[in-house]
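Q: Contents of input20.txt (compact mmCIF, C-alpha atoms and all ligand atoms):
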```
# COMPACT_ATOMS: atom_id res chain seq x y z
CA MET A 1 -4.63 12.03 11.69
CA ARG A 2 -3.80 8.34 11.30
CA ARG A 3 -1.64 7.62 8.29
CA VAL A 4 -2.07 4.07 7.04
CA VAL A 5 0.11 2.63 4.29
CA LEU A 6 -0.91 -0.50 2.42
CA ALA A 7 2.21 -2.35 1.36
CA SER A 8 2.85 -5.55 -0.51
CA GLY A 9 5.91 -7.20 -1.93
CA LYS A 10 4.43 -8.42 -5.15
CA GLY A 11 2.51 -6.33 -7.64
CA GLY A 12 -1.01 -7.21 -8.69
CA VAL A 13 -2.15 -8.59 -5.34
CA GLY A 14 -4.91 -5.99 -4.99
CA ARG A 15 -3.23 -3.13 -3.14
CA THR A 16 -4.97 -0.40 -5.13
CA THR A 17 -8.35 -2.17 -4.90
CA LEU A 18 -8.12 -2.50 -1.13
CA THR A 19 -6.67 0.94 -0.41
CA ALA A 20 -9.35 2.68 -2.48
CA ASN A 21 -12.25 0.70 -1.05
CA LEU A 22 -11.07 0.90 2.56
CA ALA A 23 -10.76 4.67 2.21
CA LEU A 24 -14.21 4.82 0.65
CA ALA A 25 -15.71 2.76 3.47
CA LEU A 26 -14.25 5.17 6.03
CA ALA A 27 -15.59 8.18 4.09
CA LYS A 28 -19.00 6.50 3.89
CA GLU A 29 -19.03 6.28 7.69
CA GLY A 30 -18.49 10.03 7.81
CA ARG A 31 -14.77 9.92 8.61
CA THR A 32 -12.74 12.67 6.96
CA THR A 33 -10.44 10.60 4.77
CA VAL A 34 -7.69 11.35 2.29
CA LEU A 35 -6.73 8.69 -0.25
CA VAL A 36 -3.28 9.09 -1.78
CA ASP A 37 -1.91 7.28 -4.81
CA ALA A 38 1.81 7.08 -4.03
CA CYS A 39 2.24 4.01 -6.23
CA PHE A 40 4.26 5.93 -8.81
CA SER A 41 5.22 2.82 -10.76
CA SER A 42 1.64 1.57 -11.23
CA PRO A 43 -0.53 4.66 -10.76
CA ASN A 44 -3.96 3.12 -11.36
CA LEU A 45 -5.94 4.47 -8.45
CA GLY A 46 -7.31 7.42 -10.45
CA LEU A 47 -8.97 4.97 -12.85
CA LEU A 48 -11.47 4.01 -10.15
CA PHE A 49 -12.57 7.63 -9.68
CA LYS A 50 -12.46 8.88 -13.28
CA LEU A 51 -9.38 10.93 -12.45
CA GLU A 52 -7.09 9.63 -15.16
CA LYS A 53 -7.17 13.06 -16.81
CA ALA A 54 -6.72 15.00 -13.58
CA PRO A 55 -4.84 18.19 -14.51
CA TYR A 56 -2.77 18.24 -11.31
CA THR A 57 -1.28 15.29 -9.47
CA LEU A 58 0.94 14.33 -6.55
CA ASN A 59 3.86 14.31 -8.98
CA ASP A 60 3.32 18.04 -9.65
CA VAL A 61 3.22 18.76 -5.91
CA LEU A 62 6.46 16.83 -5.36
CA ARG A 63 8.04 18.83 -8.20
CA GLY A 64 7.19 21.95 -6.26
CA GLU A 65 5.06 23.22 -9.14
CA ILE A 66 1.73 23.48 -7.31
CA PRO A 67 0.62 23.70 -3.66
CA PRO A 68 -0.68 20.41 -2.16
CA PRO A 69 -4.41 21.40 -2.07
CA ASP A 70 -4.42 21.81 -5.88
CA ALA A 71 -3.95 18.05 -6.32
CA VAL A 72 -6.92 17.08 -4.13
CA TYR A 73 -10.16 15.99 -5.83
CA GLU A 74 -13.48 15.22 -4.23
CA GLY A 75 -14.76 11.66 -4.63
CA PRO A 76 -17.88 9.83 -3.43
CA HIS A 77 -19.03 10.51 0.16
CA GLY A 78 -16.62 13.45 0.43
CA LEU A 79 -13.55 11.25 0.05
CA ARG A 80 -10.52 13.42 -0.80
CA ILE A 81 -8.41 11.84 -3.50
CA VAL A 82 -4.85 12.67 -4.51
CA PRO A 83 -3.99 10.87 -7.76
CA SER A 84 -0.52 10.47 -9.12
CA SER A 85 0.39 11.01 -12.75
CA ILE A 86 -1.07 8.27 -14.95
CA SER A 87 1.93 8.68 -17.28
CA GLY A 88 4.29 7.66 -14.46
CA ASP A 89 6.53 10.64 -15.31
CA MET A 90 8.95 10.98 -12.37
CA ARG A 91 11.15 13.70 -13.90
CA GLY A 92 11.84 16.41 -11.33
CA VAL A 93 9.88 14.59 -8.61
CA ASP A 94 11.55 15.18 -5.25
CA LEU A 95 10.69 12.30 -2.94
CA ALA A 96 12.33 14.10 -0.01
CA ARG A 97 9.28 16.40 -0.05
CA LEU A 98 6.89 13.49 0.54
CA PRO A 99 6.67 13.62 4.39
CA SER A 100 5.85 17.35 4.52
CA VAL A 101 3.49 17.10 1.53
CA LEU A 102 1.56 14.24 3.16
CA GLU A 103 1.43 16.15 6.43
CA SER A 104 -0.08 19.10 4.64
CA LEU A 105 -2.55 16.95 2.62
CA GLY A 106 -3.75 15.30 5.81
CA GLU A 107 -4.37 18.48 7.77
CA LYS A 108 -7.76 18.25 9.52
CA ALA A 109 -8.35 14.71 8.21
CA GLU A 110 -9.00 11.72 10.48
CA PHE A 111 -7.47 9.15 8.15
CA MET A 112 -5.02 9.08 5.30
CA LEU A 113 -4.72 5.86 3.31
CA ILE A 114 -1.72 5.47 1.04
CA ASP A 115 -1.30 3.08 -1.88
CA ALA A 116 2.44 2.28 -1.73
CA PRO A 117 4.59 0.97 -4.59
CA GLY A 118 5.60 -2.68 -4.49
CA GLY A 119 9.07 -4.18 -4.59
CA LEU A 120 12.18 -2.78 -2.95
CA ARG A 121 12.74 0.35 -5.05
CA ARG A 122 13.81 3.83 -3.99
CA GLU A 123 10.26 5.18 -4.14
CA THR A 124 8.97 2.17 -2.19
CA VAL A 125 11.33 3.01 0.68
CA ALA A 126 10.37 6.71 0.53
CA VAL A 127 6.65 5.90 0.78
CA LEU A 128 6.91 3.15 3.40
CA LYS A 129 8.95 5.45 5.63
CA THR A 130 5.98 7.83 5.86
CA GLY A 131 3.68 5.16 7.34
CA GLN A 132 2.59 5.40 10.93
CA GLU A 133 0.52 2.27 10.51
CA VAL A 134 1.42 -0.31 7.90
CA LEU A 135 -0.81 -3.10 6.66
CA LEU A 136 0.86 -5.87 4.69
CA LEU A 137 -1.14 -7.27 1.84
CA THR A 138 -0.55 -10.64 0.26
CA SER A 139 -2.32 -13.34 -1.65
CA PRO A 140 -2.06 -16.78 -0.04
CA GLU A 141 0.35 -18.10 -2.67
CA VAL A 142 4.02 -18.86 -2.33
CA THR A 143 5.45 -16.19 -4.66
CA SER A 144 3.38 -13.42 -3.10
CA LEU A 145 4.24 -14.60 0.41
CA SER A 146 7.93 -14.73 -0.31
CA ASP A 147 7.88 -11.13 -1.63
CA THR A 148 5.83 -10.08 1.39
CA MET A 149 8.46 -11.54 3.71
CA ARG A 150 11.12 -9.41 2.01
CA THR A 151 8.93 -6.33 2.41
CA LYS A 152 8.51 -7.14 6.11
CA VAL A 153 12.30 -7.29 6.49
CA LEU A 154 12.58 -3.91 4.75
CA LEU A 155 9.91 -2.44 7.03
CA GLU A 156 11.72 -3.69 10.11
CA PHE A 157 14.96 -2.22 8.78
CA LEU A 158 13.08 1.11 8.55
CA GLY A 159 11.93 0.70 12.15
CA LEU A 160 8.31 -0.05 11.22
CA HIS A 161 6.30 -2.91 12.61
CA PRO A 162 3.30 -3.80 10.44
CA ARG A 163 0.00 -4.03 12.31
CA GLY A 164 -0.93 -7.19 10.51
CA VAL A 165 -1.61 -8.98 7.27
CA VAL A 166 -4.56 -8.76 4.93
CA LEU A 167 -5.07 -11.72 2.63
CA ASN A 168 -6.60 -11.00 -0.75
CA ARG A 169 -7.84 -13.20 -3.58
CA VAL A 170 -8.46 -16.09 -1.19
CA ARG A 171 -10.01 -19.02 -3.02
CA GLY A 172 -9.86 -21.58 -0.24
CA LYS A 173 -8.02 -24.10 -2.45
CA ASP A 174 -5.55 -26.63 -1.14
CA TYR A 175 -2.64 -25.09 -3.09
CA GLU A 176 -2.98 -21.96 -0.96
CA PHE A 177 -1.22 -21.41 2.35
CA PRO A 178 -3.82 -21.55 5.15
CA PRO A 179 -4.16 -18.37 7.26
CA ALA A 180 -2.66 -20.05 10.35
CA GLU A 181 0.51 -20.88 8.44
CA ILE A 182 0.75 -17.36 6.98
CA LYS A 183 0.34 -15.96 10.49
CA ARG A 184 3.19 -18.16 11.71
CA LEU A 185 5.47 -17.47 8.72
CA LEU A 186 5.08 -13.70 8.89
CA ASP A 187 4.71 -13.63 12.66
CA LEU A 188 1.84 -11.16 12.34
CA PRO A 189 -1.91 -11.31 13.00
CA ILE A 190 -4.28 -11.83 10.08
CA LEU A 191 -6.50 -8.75 10.01
CA GLY A 192 -8.76 -9.74 7.14
CA LYS A 193 -9.43 -12.22 4.35
CA VAL A 194 -10.85 -10.91 1.10
CA PRO A 195 -12.10 -13.63 -1.22
CA GLU A 196 -11.47 -13.96 -4.94
CA ASP A 197 -14.55 -12.25 -6.34
CA LEU A 198 -15.47 -11.50 -9.95
CA SER A 199 -17.21 -8.30 -8.81
CA VAL A 200 -13.77 -6.76 -8.18
CA ARG A 201 -12.78 -7.16 -11.82
CA LYS A 202 -16.17 -6.00 -13.06
CA ALA A 203 -15.86 -2.84 -10.96
CA TRP A 204 -12.39 -2.14 -12.42
CA ARG A 205 -13.83 -2.63 -15.92
CA ARG A 206 -16.56 -0.07 -15.16
CA GLY A 207 -14.02 2.32 -13.64
CA GLU A 208 -15.87 2.61 -10.33
CA PRO A 209 -15.08 1.46 -6.80
CA LEU A 210 -16.35 -1.98 -5.84
CA LEU A 211 -18.06 -0.72 -2.70
CA GLU A 212 -20.20 1.68 -4.72
CA LEU A 213 -21.14 -0.79 -7.44
CA TYR A 214 -21.44 -4.06 -5.55
CA PRO A 215 -21.76 -3.23 -1.84
CA ARG A 216 -23.15 -6.67 -1.00
CA SER A 217 -20.55 -8.72 -2.88
CA PRO A 218 -18.38 -11.08 -0.80
CA ALA A 219 -15.28 -8.90 -1.33
CA SER A 220 -17.18 -5.73 -0.28
CA ARG A 221 -18.40 -7.46 2.88
CA ALA A 222 -14.86 -8.52 3.77
CA ILE A 223 -13.53 -5.00 3.14
CA THR A 224 -16.29 -3.48 5.27
CA GLU A 225 -15.41 -5.87 8.11
CA LEU A 226 -11.75 -4.95 7.80
CA THR A 227 -12.67 -1.25 7.91
CA GLU A 228 -14.47 -1.77 11.21
CA LYS A 229 -11.43 -3.51 12.64
CA LEU A 230 -9.16 -0.75 11.40
CA ARG A 231 -11.35 1.97 12.79
CA LYS A 232 -11.60 0.33 16.19
CA GLY A 233 -7.92 -0.47 16.37
CA LEU A 234 -6.77 2.87 15.18
CA SER A 235 -9.05 5.38 16.77
N1 LIG A 301 -10.42 -10.02 -4.41
C1 LIG A 301 -10.24 -10.03 -5.74
N2 LIG A 301 -10.96 -10.87 -6.53
C2 LIG A 301 -10.78 -10.87 -7.88
N3 LIG A 301 -9.93 -10.09 -8.53
C3 LIG A 301 -9.20 -9.24 -7.79
C4 LIG A 301 -9.29 -9.16 -6.37
N4 LIG A 301 -8.43 -8.21 -5.94
C5 LIG A 301 -7.82 -7.72 -7.02
N5 LIG A 301 -8.27 -8.33 -8.14
C6 LIG A 301 -7.86 -8.07 -9.54
O1 LIG A 301 -6.44 -8.11 -9.58
C7 LIG A 301 -5.94 -7.13 -10.46
C8 LIG A 301 -4.91 -6.27 -9.72
O2 LIG A 301 -5.56 -5.53 -8.70
P1 LIG A 301 -4.93 -4.18 -8.17
O3 LIG A 301 -4.64 -3.26 -9.30
O4 LIG A 301 -5.79 -3.68 -7.06
O5 LIG A 301 -3.55 -4.75 -7.59
P2 LIG A 301 -2.22 -3.96 -7.20
O6 LIG A 301 -1.57 -4.77 -6.14
O7 LIG A 301 -2.55 -2.56 -6.88
O8 LIG A 301 -1.41 -4.03 -8.56
P3 LIG A 301 -0.15 -3.15 -9.04
O9 LIG A 301 1.06 -3.89 -8.61
O10 LIG A 301 -0.29 -3.06 -10.52
O11 LIG A 301 -0.27 -1.81 -8.38
C9 LIG A 301 -7.15 -6.33 -10.97
O12 LIG A 301 -7.48 -6.82 -12.24
C10 LIG A 301 -8.25 -6.67 -9.99
O13 LIG A 301 -9.51 -6.69 -10.61
MG MG A 302 -1.84 -0.81 -7.67
```
Please re-express this file's structure in structure tokens.
Ligand SMILES: Nc1ncnc2c1ncn2[C@@H]1O[C@H](COP(=O)(O)OP(=O)(O)OP(=O)(O)O)[C@@H](O)[C@H]1O
Ligand SMILES: [Mg+2]

A:
Amino acid sequence: MRRVVLASGKGGVGRTTLTANLALALAKEGRTTVLVDACFSSPNLGLLFKLEKAPYTLNDVLRGEIPPPDAVYEGPHGLRIVPSSISGDMRGVDLARLPSVLESLGEKAEFMLIDAPGGLRRETVAVLKTGQEVLLLTSPEVTSLSDTMRTKVLLEFLGLHPRGVVLNRVRGKDYEFPPAEIKRLLDLPILGKVPEDLSVRKAWRRGEPLLELYPRSPASRAITELTEKLRKGLS
């Protein structure tokens, strides 16, 4: 099982969108895939799969109240989804349990994709530490890049070397950093470029994954390309 964590410094750069749709693309190809919402501070992933009222969540598993399989829900194309509590209630949540819980959730799966929290908080460190493969996500703007650089330093401190960078919300404007400069600044390869695309917001509004609703949109095409790269590089 390959465990892939999507990390970003700044919030709102599209981590949840990309993690969910990458996982869905892998499931669509017939890969056994588990999608985990470990973004406890902004637990929005369930909204894309109508799981906001899920009775059991990752938080309950980490409290030791239920066994891991009870928090797994089936999504489109057999994707296995583990939402976290939409209320963000962290009372009694034991982050030390995370590695063994993820191990158990990923049993017999080919891929596990994890939506990590942003920033440099305690739970961010706990989630990043579980990553075998880490993808750094950033938008091509200065504030996002600067936060991403801090996250890269944190990852290195944890002994993790990100596989590369995914750029999201690329508009191709001259106020953006060009990919070559981002590659140089972060000293990492650029694995994908997802354009700014209104379809992403429309899909969020409908509460369904982009890839299901608008499979031919520019953002979906870029995510599908990235999935191929990931699959080739990781398997
Ligand atoms: N490629 C894109 N084109 C247009 N809008 C996008 C794109 N990617 C993300 N968005 C929009 O940006 C917003 C944030 O996206 P998302 O929730 O995936 O980010 P996040 O990094 O997970 O945020 P958070 O820090 O809250 O967890 C959403 O409204 C989404 O529709
Ligand atoms: Mg998110």

Q: Please, which residues in chain A fall within 6 Å of ligand MG 302 (chain A) when counting only C-alpha atoms and all ligand atoms, and what is the closest atom pair and distance in Å to one decimal for each, ordered by chain then residue number, as CSV?

A:
```
residue,atom,partner,partner_atom,distance
A:Arg15,CA,A:MG302,MG,5.3
A:Thr16,CA,A:MG302,MG,4.1
A:Ser42,CA,A:MG302,MG,5.5
A:Asn44,CA,A:MG302,MG,5.8
```

Q: For C-alpha atoms, I'd like the residues from the last selection saved as a short mmCIF file (atom, residue, chain, number, x, y, z; two decimals), in the coordinates of the input.

A:
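Heads up, here's the output in selection.cif:
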```
data_model
loop_
_atom_site.label_atom_id
_atom_site.label_comp_id
_atom_site.auth_asym_id
_atom_site.auth_seq_id
_atom_site.Cartn_x
_atom_site.Cartn_y
_atom_site.Cartn_z
CA ARG A 15 -3.23 -3.13 -3.14
CA THR A 16 -4.97 -0.40 -5.13
CA SER A 42 1.64 1.57 -11.23
CA ASN A 44 -3.96 3.12 -11.36
#
```

Q: Distance limit 8 Å, reference ligand LIG 301 (chain A), atoms considered: all atoms listed in the file. Which residues make the cut? Give them as a VMD selection string.

A: chain A and resid 8 10 to 18 39 41 to 45 115 117 to 118 168 to 170 194 to 205 219

Q: Rounded to one decimal in Å, what is the spacing between atom CA of Gly75 of chain A and atom CA of Ala109 of chain A?

A: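 Going from atom CA of Gly75 of chain A over to atom CA of Ala109 of chain A, I get 14.7 Å.
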
Q: Between A:Phe111, A:Phe40, A:Phe49, A:Tyr73, which one has atoms that come closest to Val4 of chain A, using all atoms listed in the file?

A: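 Ranked by minimum distance to Val4 of chain A, first place goes to A:Phe111.
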
Q: Can you tell me, as an MDAnalysis selection string, what residues are no more than 12 Å from Met149 of chain A when counting only C-alpha atoms, ignoring any on the same chain fewer than 5 positions away?

A: chainID A and resid 7:10 119:120 136:138 142:144 154:156 162 165 182:188

Q: Convert the current residue selection to file output with C-alpha atoms, as a PDB file, in the frame of the given file.

A:
```
ATOM      1  CA  ALA A   7       2.210  -2.350   1.360  1.00  0.00           C
ATOM      2  CA  SER A   8       2.850  -5.550  -0.510  1.00  0.00           C
ATOM      3  CA  GLY A   9       5.910  -7.200  -1.930  1.00  0.00           C
ATOM      4  CA  LYS A  10       4.430  -8.420  -5.150  1.00  0.00           C
ATOM      5  CA  GLY A 119       9.070  -4.180  -4.590  1.00  0.00           C
ATOM      6  CA  LEU A 120      12.180  -2.780  -2.950  1.00  0.00           C
ATOM      7  CA  LEU A 136       0.860  -5.870   4.690  1.00  0.00           C
ATOM      8  CA  LEU A 137      -1.140  -7.270   1.840  1.00  0.00           C
ATOM      9  CA  THR A 138      -0.550 -10.640   0.260  1.00  0.00           C
ATOM     10  CA  VAL A 142       4.020 -18.860  -2.330  1.00  0.00           C
ATOM     11  CA  THR A 143       5.450 -16.190  -4.660  1.00  0.00           C
ATOM     12  CA  SER A 144       3.380 -13.420  -3.100  1.00  0.00           C
ATOM     13  CA  LEU A 154      12.580  -3.910   4.750  1.00  0.00           C
ATOM     14  CA  LEU A 155       9.910  -2.440   7.030  1.00  0.00           C
ATOM     15  CA  GLU A 156      11.720  -3.690  10.110  1.00  0.00           C
ATOM     16  CA  PRO A 162       3.300  -3.800  10.440  1.00  0.00           C
ATOM     17  CA  VAL A 165      -1.610  -8.980   7.270  1.00  0.00           C
ATOM     18  CA  ILE A 182       0.750 -17.360   6.980  1.00  0.00           C
ATOM     19  CA  LYS A 183       0.340 -15.960  10.490  1.00  0.00           C
ATOM     20  CA  ARG A 184       3.190 -18.160  11.710  1.00  0.00           C
ATOM     21  CA  LEU A 185       5.470 -17.470   8.720  1.00  0.00           C
ATOM     22  CA  LEU A 186       5.080 -13.700   8.890  1.00  0.00           C
ATOM     23  CA  ASP A 187       4.710 -13.630  12.660  1.00  0.00           C
ATOM     24  CA  LEU A 188       1.840 -11.160  12.340  1.00  0.00           C
TER      25      LEU A 188
END
```

Q: Report, in Å to a single decimal, how far apart atom CA of Lys193 of chain A and atom CA of Glu133 of chain A are.

A: 18.6 Å

Q: Ranking A:Leu58, A:Met112, A:Val125, A:Leu160 by minimum distance to Asp89 of chain A and counting all atoms listed in the file, which one comes first?

A: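 Closest residue, counting all atoms listed in the file: A:Leu58.
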
Q: With all atoms listed in the file as the counted atoms, please give the residues lying no more than 9 Å from His77 of chain A, apart from itself and same-chain residues fewer than 6 positions off, as a PyMOL selection string.

A: chain A and resi 24+27-30

Q: Keeping only C-alpha atoms, write the selected residues as a PDB file, in the coordinates of the input.

A:
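What ended up in selection07.pdb:
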```
ATOM      1  CA  LEU A  24     -14.210   4.820   0.650  1.00  0.00           C
ATOM      2  CA  ALA A  27     -15.590   8.180   4.090  1.00  0.00           C
ATOM      3  CA  LYS A  28     -19.000   6.500   3.890  1.00  0.00           C
ATOM      4  CA  GLU A  29     -19.030   6.280   7.690  1.00  0.00           C
ATOM      5  CA  GLY A  30     -18.490  10.030   7.810  1.00  0.00           C
TER       6      GLY A  30
END
```

Q: My list of candidates is A:Leu167, A:Ala116, A:Met90, A:Leu98. Which is closest to Ala38 of chain A when distances are computed with only C-alpha atoms?

A: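 The answer is A:Ala116, which sits nearest to Ala38 of chain A.
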
Q: Just give me the gap between atom CA of Leu95 of chain A and atom CA of Leu62 of chain A in Å, one decimal is fine.

A: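 Interatomic distance here is 6.7 Å.
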
Q: Compare A:Ile81, A:Leu226, A:Leu128, A:Leu6 by their minimum atom-to-atom distance to Glu52 of chain A, counting only C-alpha atoms, and give me the closest one.

A: A:Ile81

Q: Go through A:Asn21, A:Asp174, A:Leu135, A:Val5 and flag the residue nearest Ala222 of chain A, using only C-alpha atoms for the distances.

A: A:Asn21

Q: Just checking: using all atoms listed in the file, which residue out of A:Leu105, A:Gly164, A:Thr148, A:Gly172 ends up closest to Thr32 of chain A?

A: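 Once distances to Thr32 of chain A are computed over all atoms listed in the file, the minimum belongs to A:Leu105.
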
Q: Determine, counting only C-alpha atoms, which protein, DNA and RNA residues have an atom within 8 Å of an atom of Glu141 of chain A; residues of the same chain fewer than 2 positions away are not included. Present the result as a list in words.

A: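 Contacts, with the query itself left out: Ser139, Thr143, Ser144, Leu145, Tyr175, Glu176 and Phe177 of chain A.
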